[in-house]
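Q: Just passing along the structure, written as structure tokens.
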Amino acid sequence: MTTSAPAESPPGAALSLELVDSVAVVTFDLPDEPVNKFTRGVRDEFAVLLERIEEDPTITAVVLASGKPDVFIAGADIEELLAIHSPGEAERLSAEGQAMLDRMERGKPVVAAIDGACLGAGLEAALACAWRVASENPKTILALPEVQLGLIPGAGGTQRLPRTVGLRSALDMILSGKNVRPKKALQIGLVDDLVHPAIVRDVALRRARELGAGTRRRSTGRLRRDAQSLLLDDNPLGRSVVFRQAREQTLKKTRGHYPAPLAALDAVAAGYQGGRERGLREEARLFGEMAATDVSKELIYLFFASNALKKDPGVANPAATASPVEKVGILGAGFMGAGIASVAAPQGTVVRLKDADTGRVAKGLASVREVLKERLAKKQITRQQFDDQLSLVSGTTDYSGFGNVDLVIEAVFEDLAVKHQVLREVELVAPADVIFATNTSTIPIARIAQASARPDRVLGMHFFSPVHKMPLLEVIVTPRTSDDVTATAVAYGKKLGKTVIVVNDGPGFYANRILSPYVNEAGKLLDEGAAIDAIDRALVAFGFPVGPITLIDEVGIDIAAKSGNIVADAFGERMVPSQSLQRVISAGRLGRKGRQGFYLYGPDGRKGDVDQTVYDLLPTGTHRAEISAEEIQRRCVLAMVNEAVRCLEDGILRSPRDGDVGAVFGIGFPPFRGGPFRYIDSLGAAEVVRQLEELDGRFPPRFEPSELLIDMARSGRKFGKL
Ligand code: NAI
């Protein structure tokens with residue numbers, strides 16, 4: 001028989017304690033917050049509770065559970081970190097966290113009942129427990145994501161995780177921050193039991209009783225591992241190989257821009273070399289150092305910015321309502337149409353894909369299948385889910401099945417006449433209140449809407465390719481788009497897992513508009529004789545995932561040229577296309593898709609070296625001019641950030657925040673620089689204006705600073721404080 005005492009919980013408390021026989025069940029439920037996190041207040045409560053447990057002789061063991069659905073503990077309070085300004089302060093915070101978890105670990109055995117997200121400091125707390133029970137809830141994920149915020153685990157994670165799961169698995173988690181699902185967690189010894197969500201608490205209670213009674217020993221996660229990795233961890237030579245490889249891989253991946261993974265590696269290594277005490281001291285010191293870096297501040301800024309966007313309905317009008325989208329009709333089963341279908345079906349949306357002939361429809365359906373198959377192979381979905389999701393997508397060559405769609409997404413050729421034609425056709429068959437969203441990448445939405453009988457229901461939903469991987473969705477509204485339509489598109493975009501920014505209509509919208517002068521500047525550098533690989537290397541060194549010339553090859557030289565012409569028409573002289581791009585496209589080179597571009601491509605499409613024969617097409621021929629990496633970076637990047645400010649000035653963007661998130665998530669602006677506006681803030685608007693003016697003197701009028709930027713420079717204001 002179990003006896004249970006009423007829960008002890010002072011009003012407003014995050015932690016409550018309930019006695020079940022000799023087991024203290026501590027439930028974490030942070031008031032007025034969707035998730036549990038270790039705020040200062042929670043840490044204080046925790047200390048009081050630990051003392052209470054230690055002093056009560058009737059308590060033999062503890063269960064730590066969450067009162068929130070789908071979240072165990074989401075981590076530390078990141079806002080608290082932003083308020084910290086010195087490495088010393090952050091180091092103290094880390095040391096305090098370590099001391100708290102040490103005390104818990106040394107005391108009466110605690111069992112973690114993990115149902116839902118167990119992240120960062122939450123996982124560090126679980127690692128300090130004597131036993132870990134996890135649920136098979138799809139929402140249960142375990143991770144140490146600190147490096148994604150430019151930090152390292154600071155509450156003992158760099159010491160306890162390797163001892164629990166072995167060095168290799170621990171580094172895999174700590175250096176990437178990636179999520180581990182419960183089944184894998186059981187395999188690597190990260191958790192000790194895997195049970196149905198309904199019985200997590202009961203099993204945890206049982207384990208606590210056993211531990212309290214001494215009939216079960218504390219978990220030794222590592223014993224579950226295979227003999228080979230045990231040998232490796234205990235052998236200094238083997239360990240040094242693992243550390244060296246991890247360091248090399250990390251440097252290759254971060255290109256020296258992100259210090260946190262290397263710091264985490266040092267903290268782990270310190271523990272192996274000098275023992276746990278030394279490891280913990282290093283962890284706290286390095287945590288402090290990382291928390292004070294600009295990289296961490298920018299990554300945390302982006303984290304908050306994208307979280308704020310998740311809560312943003314996309315319209316200021318509080319009366320606007322988003323309607324549910326249950327069925328979508330997609331026009332064009334090509335690259336983008338199929339891509340959109342492959343993210344819609346997993347959300348339970350019924351999808352009707354239309355293309356001009358059955359061959360193209362079949363090809364589109366096959367690529368949806370490919371994306372879902374990849375998910376199945378990665379075990380992100382079960383075979384049943386794969387079948388269910390696939391069965392939601394069907395194809396057609398006429399408009400059958402469009403009679404009851406809530407939303408039409410148009411992804412036909414980038415040709416105004418074709419877009420007008422399909423818009424007129426679909427409006428005849430779809431319901432009167434259907435929303436028509438075009439995925440055009442360059443044509444102003446208002447021009448497309450001219451063919452519509454209901455322009456208030458037309459807007460842009462600009463996805464990025466590949467759709468299932470790229471996180472951004474640009475929703476583009478015209479002055480006539482109704483707020484309800486915008487709210488629906490934004491809500492549906494979020495449902496598809498996208499970070500959504502709402503921008504006003506205009507050539508290139510936001511993302512492509514700022515990309516244009518950047519790519520164009522790379523073309524101008526080619527015109528002057530810069531080497532193709534020198535341009536790409538300089539911008540990769542700045543932090544872009546690929547250089548602009550590689551990007552042109554990837555997107556298609558024809559598409560890049562077309563989009564360049566559209567912005568040149570709209571913005572005149574400052575965007576006049578480079579001669580180089582024109583000449584290369586006139587020679588019929590299309591980039592990777594045609595296996596012929598600025599680079600060489602193998603038969604499988606794999607990129608090789610620069611195709612030296614392309615220089616024959618360029619204005620300076622085989623003559624190469626020496627242009628420094630710094631000049632290349634400055635010209636391309638300042639052209640982009642100046643244009644971003646113009647987008648704000650012209651009212652295309654609602655806020656610098658949207659501009660930063662859009663550039664990082666949509667076109668790969670280096671995350672550690674926070675985005676174009678944060679980058680300007682970090683240099684100071686006055687310095688950016690000075691550099692632009694210097695460039696404008698040499699290349700008029702491409703670098704004329706925008707009015708708003710000059711204004712900011714004069715007043716000394718920052719975009720972060722607009
Ligand atoms: P795609 O050429 O792969 O697909 C277009 C499809 O539309 C083709 O399968 C074609 O047969 C079909 N189509 C043409 N006329 C049609 C009609 N009357 N009815 C039904 N289907 C018709 O082109 P992609 O790359 O998918 O681009 C589609 C749209 O998405 C374009 O507006 C493009 O600018 C835009 N976009 C493309 C991106 C990319 O990276 N490829 C990124 C973002 C937007």
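Labels used: A, B, ... for chains in the order of the structure tokens, numbers from 1 for residues in each chain, and numbers from 1 for ligands as shown.
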How close does each residue of chain A get to ligand 1, giving the shortest atom pair and distance in Å to one decimal for every residue with an atom at most 7 Å away, counting only C-alpha atoms and all ligand atoms, sorted by chain and residue number, as a Markdown table?

A:
```
| residue | atom | partner | partner_atom_place_in_ligand_line | distance |
| --- | --- | --- | --- | --- |
| A:Leu331 | CA | ligand 1 | 20 (C) | 5.0 |
| A:Gly332 | CA | ligand 1 | 7 (O) | 3.5 |
| A:Ala333 | CA | ligand 1 | 9 (O) | 4.8 |
| A:Gly334 | CA | ligand 1 | 4 (O) | 3.3 |
| A:Phe335 | CA | ligand 1 | 26 (O) | 3.7 |
| A:Met336 | CA | ligand 1 | 26 (O) | 3.6 |
| A:Gly337 | CA | ligand 1 | 26 (O) | 5.6 |
| A:Lys354 | CA | ligand 1 | 20 (C) | 5.4 |
| A:Asp355 | CA | ligand 1 | 21 (N) | 3.5 |
| A:Ala356 | CA | ligand 1 | 20 (C) | 4.6 |
| A:Arg360 | CA | ligand 1 | 9 (O) | 5.6 |
| A:Ala411 | CA | ligand 1 | 29 (C) | 4.0 |
| A:Val412 | CA | ligand 1 | 7 (O) | 3.4 |
| A:Phe413 | CA | ligand 1 | 5 (C) | 4.6 |
| A:Glu414 | CA | ligand 1 | 32 (O) | 3.9 |
| A:Val418 | CA | ligand 1 | 18 (N) | 6.0 |
| A:Gln421 | CA | ligand 1 | 18 (N) | 7.0 |
| A:Val422 | CA | ligand 1 | 18 (N) | 5.6 |
| A:Asn439 | CA | ligand 1 | 30 (O) | 5.0 |
| A:Thr440 | CA | ligand 1 | 32 (O) | 3.7 |
| A:Ser441 | CA | ligand 1 | 34 (O) | 4.3 |
| A:Thr442 | CA | ligand 1 | 34 (O) | 6.5 |
| A:His462 | CA | ligand 1 | 43 (C) | 5.9 |
| A:Phe463 | CA | ligand 1 | 43 (C) | 5.3 |
| A:Phe464 | CA | ligand 1 | 42 (C) | 4.8 |
| A:Ser465 | CA | ligand 1 | 40 (O) | 4.7 |
| A:Val555 | CA | ligand 1 | 40 (O) | 6.1 |
```

Q: Would you save the residues of that selection, restricted to C-alpha atoms, as a PDB file, in the first residue's frame?

A:
```
ATOM      1  CA  LEU A 331       0.111  24.435 -59.055  1.00  0.00           C
ATOM      2  CA  GLY A 332       3.325  23.148 -60.611  1.00  0.00           C
ATOM      3  CA  ALA A 333       4.788  19.846 -59.451  1.00  0.00           C
ATOM      4  CA  GLY A 334       8.343  20.940 -60.201  1.00  0.00           C
ATOM      5  CA  PHE A 335      11.216  21.447 -57.847  1.00  0.00           C
ATOM      6  CA  MET A 336       9.435  23.887 -55.528  1.00  0.00           C
ATOM      7  CA  GLY A 337       5.873  22.552 -55.870  1.00  0.00           C
ATOM      8  CA  LYS A 354      -1.279  19.827 -60.469  1.00  0.00           C
ATOM      9  CA  ASP A 355       1.057  20.014 -63.427  1.00  0.00           C
ATOM     10  CA  ALA A 356       0.721  20.224 -67.194  1.00  0.00           C
ATOM     11  CA  ARG A 360       5.612  15.868 -64.633  1.00  0.00           C
ATOM     12  CA  ALA A 411       4.796  27.294 -58.177  1.00  0.00           C
ATOM     13  CA  VAL A 412       4.648  27.265 -61.981  1.00  0.00           C
ATOM     14  CA  PHE A 413       7.349  28.764 -64.221  1.00  0.00           C
ATOM     15  CA  GLU A 414       8.619  32.228 -63.339  1.00  0.00           C
ATOM     16  CA  VAL A 418       1.683  31.661 -67.089  1.00  0.00           C
ATOM     17  CA  GLN A 421      -3.326  32.094 -66.665  1.00  0.00           C
ATOM     18  CA  VAL A 422      -3.276  29.576 -63.792  1.00  0.00           C
ATOM     19  CA  ASN A 439       5.828  31.242 -54.634  1.00  0.00           C
ATOM     20  CA  THR A 440       7.340  33.603 -57.180  1.00  0.00           C
ATOM     21  CA  SER A 441      10.874  34.597 -56.320  1.00  0.00           C
ATOM     22  CA  THR A 442      10.943  37.924 -58.131  1.00  0.00           C
ATOM     23  CA  HIS A 462       8.091  32.574 -50.810  1.00  0.00           C
ATOM     24  CA  PHE A 463       9.728  29.299 -49.786  1.00  0.00           C
ATOM     25  CA  PHE A 464      13.450  28.695 -50.149  1.00  0.00           C
ATOM     26  CA  SER A 465      15.046  25.669 -51.725  1.00  0.00           C
ATOM     27  CA  VAL A 555      20.734  28.531 -58.355  1.00  0.00           C
TER      28      VAL A 555
END
```

Q: Residues near Ile78 (chain A), anyone? I mean within 9 Å using only C-alpha atoms, not counting same-chain ones fewer than 4 positions away, as a ChimeraX atom specification.

A: /A:37,39,82,300

Q: Pick out each residue of region 432-613 of chain A that DSSP on the backbone tags as alpha helix (DSSP H); I need them as a count of residues only.

A: 77

Q: Please return as a list of chain:residue names: the residues of region 247-420 of chain A that backbone DSSP assigns to strand (DSSP E).

A: A:Lys327, A:Val328, A:Gly329, A:Ile330, A:Leu331, A:Val350, A:Val351, A:Arg352, A:Leu353, A:Lys354, A:Val393, A:Ser394, A:Gly395, A:Thr396, A:Leu407, A:Val408, A:Ile409, A:Glu410

Q: Write the residues you've just listed into a file as a PDB file, in the first residue's frame, and include N, CA and C atoms for each of them.

A:
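Contents of the output file out-v2.pdb:
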```pdb
ATOM      1  N   LYS A 327      -6.711  21.532 -46.654  1.00  0.00           N
ATOM      2  CA  LYS A 327      -6.405  21.001 -47.981  1.00  0.00           C
ATOM      3  C   LYS A 327      -5.726  22.084 -48.822  1.00  0.00           C
ATOM      4  N   VAL A 328      -4.637  21.698 -49.456  1.00  0.00           N
ATOM      5  CA  VAL A 328      -3.879  22.645 -50.268  1.00  0.00           C
ATOM      6  C   VAL A 328      -3.809  22.147 -51.707  1.00  0.00           C
ATOM      7  N   GLY A 329      -4.007  23.071 -52.639  1.00  0.00           N
ATOM      8  CA  GLY A 329      -3.784  22.742 -54.044  1.00  0.00           C
ATOM      9  C   GLY A 329      -2.476  23.393 -54.470  1.00  0.00           C
ATOM     10  N   ILE A 330      -1.600  22.619 -55.070  1.00  0.00           N
ATOM     11  CA  ILE A 330      -0.319  23.195 -55.495  1.00  0.00           C
ATOM     12  C   ILE A 330      -0.249  23.180 -57.019  1.00  0.00           C
ATOM     13  N   LEU A 331       0.014  24.342 -57.594  1.00  0.00           N
ATOM     14  CA  LEU A 331       0.111  24.435 -59.055  1.00  0.00           C
ATOM     15  C   LEU A 331       1.574  24.368 -59.448  1.00  0.00           C
ATOM     16  N   VAL A 350      -4.037  17.628 -46.662  1.00  0.00           N
ATOM     17  CA  VAL A 350      -4.328  16.907 -47.906  1.00  0.00           C
ATOM     18  C   VAL A 350      -3.781  17.767 -49.046  1.00  0.00           C
ATOM     19  N   VAL A 351      -3.004  17.158 -49.927  1.00  0.00           N
ATOM     20  CA  VAL A 351      -2.347  17.943 -50.981  1.00  0.00           C
ATOM     21  C   VAL A 351      -2.737  17.437 -52.359  1.00  0.00           C
ATOM     22  N   ARG A 352      -3.119  18.376 -53.204  1.00  0.00           N
ATOM     23  CA  ARG A 352      -3.428  18.063 -54.595  1.00  0.00           C
ATOM     24  C   ARG A 352      -2.382  18.782 -55.448  1.00  0.00           C
ATOM     25  N   LEU A 353      -1.600  17.988 -56.190  1.00  0.00           N
ATOM     26  CA  LEU A 353      -0.513  18.569 -56.992  1.00  0.00           C
ATOM     27  C   LEU A 353      -0.927  18.589 -58.447  1.00  0.00           C
ATOM     28  N   LYS A 354      -0.899  19.776 -59.058  1.00  0.00           N
ATOM     29  CA  LYS A 354      -1.279  19.827 -60.469  1.00  0.00           C
ATOM     30  C   LYS A 354      -0.097  20.270 -61.328  1.00  0.00           C
ATOM     31  N   VAL A 393      -1.040  12.856 -50.471  1.00  0.00           N
ATOM     32  CA  VAL A 393      -0.656  13.624 -51.661  1.00  0.00           C
ATOM     33  C   VAL A 393      -1.124  12.912 -52.922  1.00  0.00           C
ATOM     34  N   SER A 394      -1.875  13.636 -53.754  1.00  0.00           N
ATOM     35  CA  SER A 394      -2.285  13.034 -55.016  1.00  0.00           C
ATOM     36  C   SER A 394      -2.028  14.032 -56.143  1.00  0.00           C
ATOM     37  N   GLY A 395      -2.038  13.541 -57.369  1.00  0.00           N
ATOM     38  CA  GLY A 395      -1.702  14.412 -58.491  1.00  0.00           C
ATOM     39  C   GLY A 395      -2.821  14.506 -59.510  1.00  0.00           C
ATOM     40  N   THR A 396      -2.764  15.552 -60.322  1.00  0.00           N
ATOM     41  CA  THR A 396      -3.773  15.737 -61.359  1.00  0.00           C
ATOM     42  C   THR A 396      -3.211  16.612 -62.482  1.00  0.00           C
ATOM     43  N   LEU A 407      -6.344  26.571 -49.614  1.00  0.00           N
ATOM     44  CA  LEU A 407      -5.210  27.401 -50.021  1.00  0.00           C
ATOM     45  C   LEU A 407      -4.642  26.847 -51.321  1.00  0.00           C
ATOM     46  N   VAL A 408      -4.339  27.754 -52.257  1.00  0.00           N
ATOM     47  CA  VAL A 408      -3.639  27.334 -53.468  1.00  0.00           C
ATOM     48  C   VAL A 408      -2.236  27.931 -53.409  1.00  0.00           C
ATOM     49  N   ILE A 409      -1.226  27.092 -53.592  1.00  0.00           N
ATOM     50  CA  ILE A 409       0.137  27.631 -53.682  1.00  0.00           C
ATOM     51  C   ILE A 409       0.603  27.436 -55.120  1.00  0.00           C
ATOM     52  N   GLU A 410       0.952  28.543 -55.753  1.00  0.00           N
ATOM     53  CA  GLU A 410       1.330  28.502 -57.161  1.00  0.00           C
ATOM     54  C   GLU A 410       2.849  28.455 -57.274  1.00  0.00           C
TER      55      GLU A 410
END
```

Q: Find the distance between CA of Lys498 (chain A) and CA of Phe669 (chain A) and write it in Å to one decimal.

A: 17.3 Å

Q: Would you mind listing what lies within 6 Å of region 135-148 of chain A as a PyMOL selection string, with only C-alpha atoms counted and same-chain residues fewer than 2 positions away left out?

A: chain A and resi 70+115-120+150-153+174+177-181+194-197+260

Q: Can you write just those residues out, N, CA, C and O atoms, as a PDB file, in the first residue's frame?

A:
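Writing done, so here's part07.pdb:
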```pdb
ATOM      1  N   ASP A  70       4.838  17.519 -22.133  1.00  0.00           N
ATOM      2  CA  ASP A  70       5.861  17.471 -23.199  1.00  0.00           C
ATOM      3  C   ASP A  70       7.180  18.191 -22.911  1.00  0.00           C
ATOM      4  O   ASP A  70       8.010  18.339 -23.798  1.00  0.00           O
ATOM      5  N   ASP A 115       9.805  13.053 -19.275  1.00  0.00           N
ATOM      6  CA  ASP A 115       8.733  12.943 -20.265  1.00  0.00           C
ATOM      7  C   ASP A 115       8.676  14.279 -20.999  1.00  0.00           C
ATOM      8  O   ASP A 115       8.166  15.253 -20.470  1.00  0.00           O
ATOM      9  N   GLY A 116       9.253  14.331 -22.183  1.00  0.00           N
ATOM     10  CA  GLY A 116       9.306  15.587 -22.925  1.00  0.00           C
ATOM     11  C   GLY A 116      10.736  16.088 -23.023  1.00  0.00           C
ATOM     12  O   GLY A 116      11.686  15.376 -22.687  1.00  0.00           O
ATOM     13  N   ALA A 117      10.869  17.339 -23.485  1.00  0.00           N
ATOM     14  CA  ALA A 117      12.205  17.892 -23.772  1.00  0.00           C
ATOM     15  C   ALA A 117      13.077  17.979 -22.527  1.00  0.00           C
ATOM     16  O   ALA A 117      12.658  18.496 -21.500  1.00  0.00           O
ATOM     17  N   CYS A 118      14.266  17.444 -22.651  1.00  0.00           N
ATOM     18  CA  CYS A 118      15.216  17.440 -21.535  1.00  0.00           C
ATOM     19  C   CYS A 118      16.512  18.028 -22.084  1.00  0.00           C
ATOM     20  O   CYS A 118      17.328  17.322 -22.671  1.00  0.00           O
ATOM     21  N   LEU A 119      16.646  19.332 -21.938  1.00  0.00           N
ATOM     22  CA  LEU A 119      17.682  20.036 -22.690  1.00  0.00           C
ATOM     23  C   LEU A 119      18.615  20.836 -21.786  1.00  0.00           C
ATOM     24  O   LEU A 119      18.193  21.363 -20.751  1.00  0.00           O
ATOM     25  N   GLY A 120      19.837  20.972 -22.224  1.00  0.00           N
ATOM     26  CA  GLY A 120      20.802  21.828 -21.557  1.00  0.00           C
ATOM     27  C   GLY A 120      20.921  21.503 -20.080  1.00  0.00           C
ATOM     28  O   GLY A 120      21.158  20.353 -19.689  1.00  0.00           O
ATOM     29  N   GLY A 150      26.464  29.463 -28.694  1.00  0.00           N
ATOM     30  CA  GLY A 150      27.819  29.963 -28.475  1.00  0.00           C
ATOM     31  C   GLY A 150      28.344  29.701 -27.074  1.00  0.00           C
ATOM     32  O   GLY A 150      29.317  30.306 -26.643  1.00  0.00           O
ATOM     33  N   LEU A 151      27.687  28.775 -26.352  1.00  0.00           N
ATOM     34  CA  LEU A 151      28.079  28.472 -24.974  1.00  0.00           C
ATOM     35  C   LEU A 151      28.559  27.036 -24.869  1.00  0.00           C
ATOM     36  O   LEU A 151      28.544  26.298 -25.854  1.00  0.00           O
ATOM     37  N   ILE A 152      28.945  26.638 -23.656  1.00  0.00           N
ATOM     38  CA  ILE A 152      29.203  25.215 -23.422  1.00  0.00           C
ATOM     39  C   ILE A 152      28.346  24.794 -22.228  1.00  0.00           C
ATOM     40  O   ILE A 152      27.902  25.655 -21.465  1.00  0.00           O
ATOM     41  N   PRO A 153      28.101  23.504 -22.065  1.00  0.00           N
ATOM     42  CA  PRO A 153      27.359  23.090 -20.872  1.00  0.00           C
ATOM     43  C   PRO A 153      28.110  23.610 -19.640  1.00  0.00           C
ATOM     44  O   PRO A 153      29.331  23.510 -19.592  1.00  0.00           O
ATOM     45  N   ILE A 174      27.825  16.905 -27.440  1.00  0.00           N
ATOM     46  CA  ILE A 174      28.235  18.216 -26.921  1.00  0.00           C
ATOM     47  C   ILE A 174      28.697  19.143 -28.050  1.00  0.00           C
ATOM     48  O   ILE A 174      28.414  20.336 -28.047  1.00  0.00           O
ATOM     49  N   GLY A 177      25.317  19.674 -30.351  1.00  0.00           N
ATOM     50  CA  GLY A 177      24.096  20.129 -29.689  1.00  0.00           C
ATOM     51  C   GLY A 177      22.867  19.363 -30.152  1.00  0.00           C
ATOM     52  O   GLY A 177      21.742  19.736 -29.875  1.00  0.00           O
ATOM     53  N   LYS A 178      23.085  18.284 -30.899  1.00  0.00           N
ATOM     54  CA  LYS A 178      21.944  17.621 -31.547  1.00  0.00           C
ATOM     55  C   LYS A 178      21.039  16.849 -30.568  1.00  0.00           C
ATOM     56  O   LYS A 178      21.475  16.465 -29.479  1.00  0.00           O
ATOM     57  N   ASN A 179      19.819  16.652 -31.031  1.00  0.00           N
ATOM     58  CA  ASN A 179      18.833  15.943 -30.207  1.00  0.00           C
ATOM     59  C   ASN A 179      19.052  14.443 -30.248  1.00  0.00           C
ATOM     60  O   ASN A 179      19.323  13.882 -31.306  1.00  0.00           O
ATOM     61  N   VAL A 180      18.905  13.807 -29.095  1.00  0.00           N
ATOM     62  CA  VAL A 180      18.951  12.354 -29.052  1.00  0.00           C
ATOM     63  C   VAL A 180      17.555  11.871 -28.667  1.00  0.00           C
ATOM     64  O   VAL A 180      16.954  12.377 -27.713  1.00  0.00           O
ATOM     65  N   ARG A 181      17.035  10.937 -29.454  1.00  0.00           N
ATOM     66  CA  ARG A 181      15.696  10.423 -29.176  1.00  0.00           C
ATOM     67  C   ARG A 181      15.817   9.305 -28.135  1.00  0.00           C
ATOM     68  O   ARG A 181      16.886   8.714 -27.968  1.00  0.00           O
ATOM     69  N   LEU A 194      13.218   2.831 -20.569  1.00  0.00           N
ATOM     70  CA  LEU A 194      12.400   3.485 -21.582  1.00  0.00           C
ATOM     71  C   LEU A 194      10.999   2.908 -21.438  1.00  0.00           C
ATOM     72  O   LEU A 194      10.820   1.697 -21.572  1.00  0.00           O
ATOM     73  N   VAL A 195      10.027   3.768 -21.142  1.00  0.00           N
ATOM     74  CA  VAL A 195       8.685   3.254 -20.835  1.00  0.00           C
ATOM     75  C   VAL A 195       7.606   4.093 -21.514  1.00  0.00           C
ATOM     76  O   VAL A 195       7.873   5.199 -21.995  1.00  0.00           O
ATOM     77  N   HIS A 196       6.400   3.582 -21.501  1.00  0.00           N
ATOM     78  CA  HIS A 196       5.255   4.310 -22.044  1.00  0.00           C
ATOM     79  C   HIS A 196       5.043   5.590 -21.219  1.00  0.00           C
ATOM     80  O   HIS A 196       5.197   5.555 -19.996  1.00  0.00           O
ATOM     81  N   PRO A 197       4.684   6.700 -21.913  1.00  0.00           N
ATOM     82  CA  PRO A 197       4.544   7.966 -21.174  1.00  0.00           C
ATOM     83  C   PRO A 197       3.611   7.866 -19.964  1.00  0.00           C
ATOM     84  O   PRO A 197       3.829   8.545 -18.950  1.00  0.00           O
ATOM     85  N   ALA A 260      32.922  28.093 -29.251  1.00  0.00           N
ATOM     86  CA  ALA A 260      32.354  27.261 -28.185  1.00  0.00           C
ATOM     87  C   ALA A 260      32.656  25.757 -28.315  1.00  0.00           C
ATOM     88  O   ALA A 260      33.041  25.134 -27.327  1.00  0.00           O
TER      89      ALA A 260
END
```

Q: Name the residues in contact with Asp32 (chain A) at a cut-off of 12 Å, using only C-alpha atoms, excluding same-chain residues fewer than 2 positions from it; report them as a list in words.

A: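 The neighbour list is Gly12, Ala13, Ala14, Asp29, Leu30, Pro34, Val35, Asn36, Lys37 and Lys68 of chain A.
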
Q: Do a neighbour search on region 209-222 of chain A at 7 Å with only C-alpha atoms, toss out local chain neighbours closer than 2 positions, and write the hits as a PyMOL selection string.

A: chain A and resi 23+60-61+109+130-131+163-166+189-190+205-207+224-225

Q: Name the residues in contact with Lys379 (chain A) at a cut-off of 12 Å, using only C-alpha atoms, excluding same-chain residues fewer than 3 positions from it; report them as an MDAnalysis selection string.

A: chainID A and resid 138 180:181 183:184 372:376 382:386

Q: Write the selection just made, keeping N, CA, C and O atoms, as a tab-separated table (two decimals), in the first residue's frame?

A:
```
chain	number	residue	atom	x	y	z
A	138	PRO	N	6.98	11.04	-28.44
A	138	PRO	CA	7.77	11.63	-29.53
A	138	PRO	C	8.37	12.99	-29.16
A	138	PRO	O	9.32	13.45	-29.78
A	180	VAL	N	18.90	13.81	-29.10
A	180	VAL	CA	18.95	12.35	-29.05
A	180	VAL	C	17.55	11.87	-28.67
A	180	VAL	O	16.95	12.38	-27.71
A	181	ARG	N	17.04	10.94	-29.45
A	181	ARG	CA	15.70	10.42	-29.18
A	181	ARG	C	15.82	9.31	-28.14
A	181	ARG	O	16.89	8.71	-27.97
A	183	LYS	N	15.04	6.19	-27.76
A	183	LYS	CA	15.51	4.84	-28.08
A	183	LYS	C	17.04	4.83	-28.15
A	183	LYS	O	17.71	3.96	-27.60
A	184	LYS	N	17.58	5.84	-28.83
A	184	LYS	CA	19.03	5.98	-28.95
A	184	LYS	C	19.63	6.25	-27.57
A	184	LYS	O	20.70	5.73	-27.23
A	372	LEU	N	10.13	12.00	-48.06
A	372	LEU	CA	9.54	11.24	-46.95
A	372	LEU	C	10.36	9.98	-46.67
A	372	LEU	O	10.52	9.57	-45.51
A	373	LYS	N	10.90	9.40	-47.73
A	373	LYS	CA	11.73	8.20	-47.55
A	373	LYS	C	12.99	8.51	-46.74
A	373	LYS	O	13.43	7.72	-45.91
A	374	GLU	N	13.52	9.70	-47.00
A	374	GLU	CA	14.71	10.12	-46.25
A	374	GLU	C	14.36	10.22	-44.76
A	374	GLU	O	15.12	9.81	-43.89
A	375	ARG	N	13.16	10.75	-44.48
A	375	ARG	CA	12.72	10.86	-43.08
A	375	ARG	C	12.58	9.48	-42.45
A	375	ARG	O	12.94	9.26	-41.30
A	376	LEU	N	12.06	8.55	-43.25
A	376	LEU	CA	11.87	7.18	-42.76
A	376	LEU	C	13.24	6.55	-42.48
A	376	LEU	O	13.45	5.94	-41.43
A	382	THR	N	7.72	6.73	-38.64
A	382	THR	CA	7.57	5.27	-38.72
A	382	THR	C	7.07	4.91	-40.13
A	382	THR	O	6.62	5.78	-40.88
A	383	ARG	N	7.12	3.64	-40.44
A	383	ARG	CA	6.62	3.15	-41.72
A	383	ARG	C	5.14	3.54	-41.89
A	383	ARG	O	4.70	3.97	-42.95
A	384	GLN	N	4.38	3.42	-40.78
A	384	GLN	CA	2.96	3.77	-40.83
A	384	GLN	C	2.78	5.24	-41.16
A	384	GLN	O	1.96	5.60	-42.02
A	385	GLN	N	3.58	6.09	-40.50
A	385	GLN	CA	3.48	7.54	-40.78
A	385	GLN	C	3.88	7.84	-42.22
A	385	GLN	O	3.26	8.67	-42.88
A	386	PHE	N	4.89	7.14	-42.69
A	386	PHE	CA	5.32	7.32	-44.08
A	386	PHE	C	4.16	7.02	-45.03
A	386	PHE	O	3.84	7.82	-45.91
```
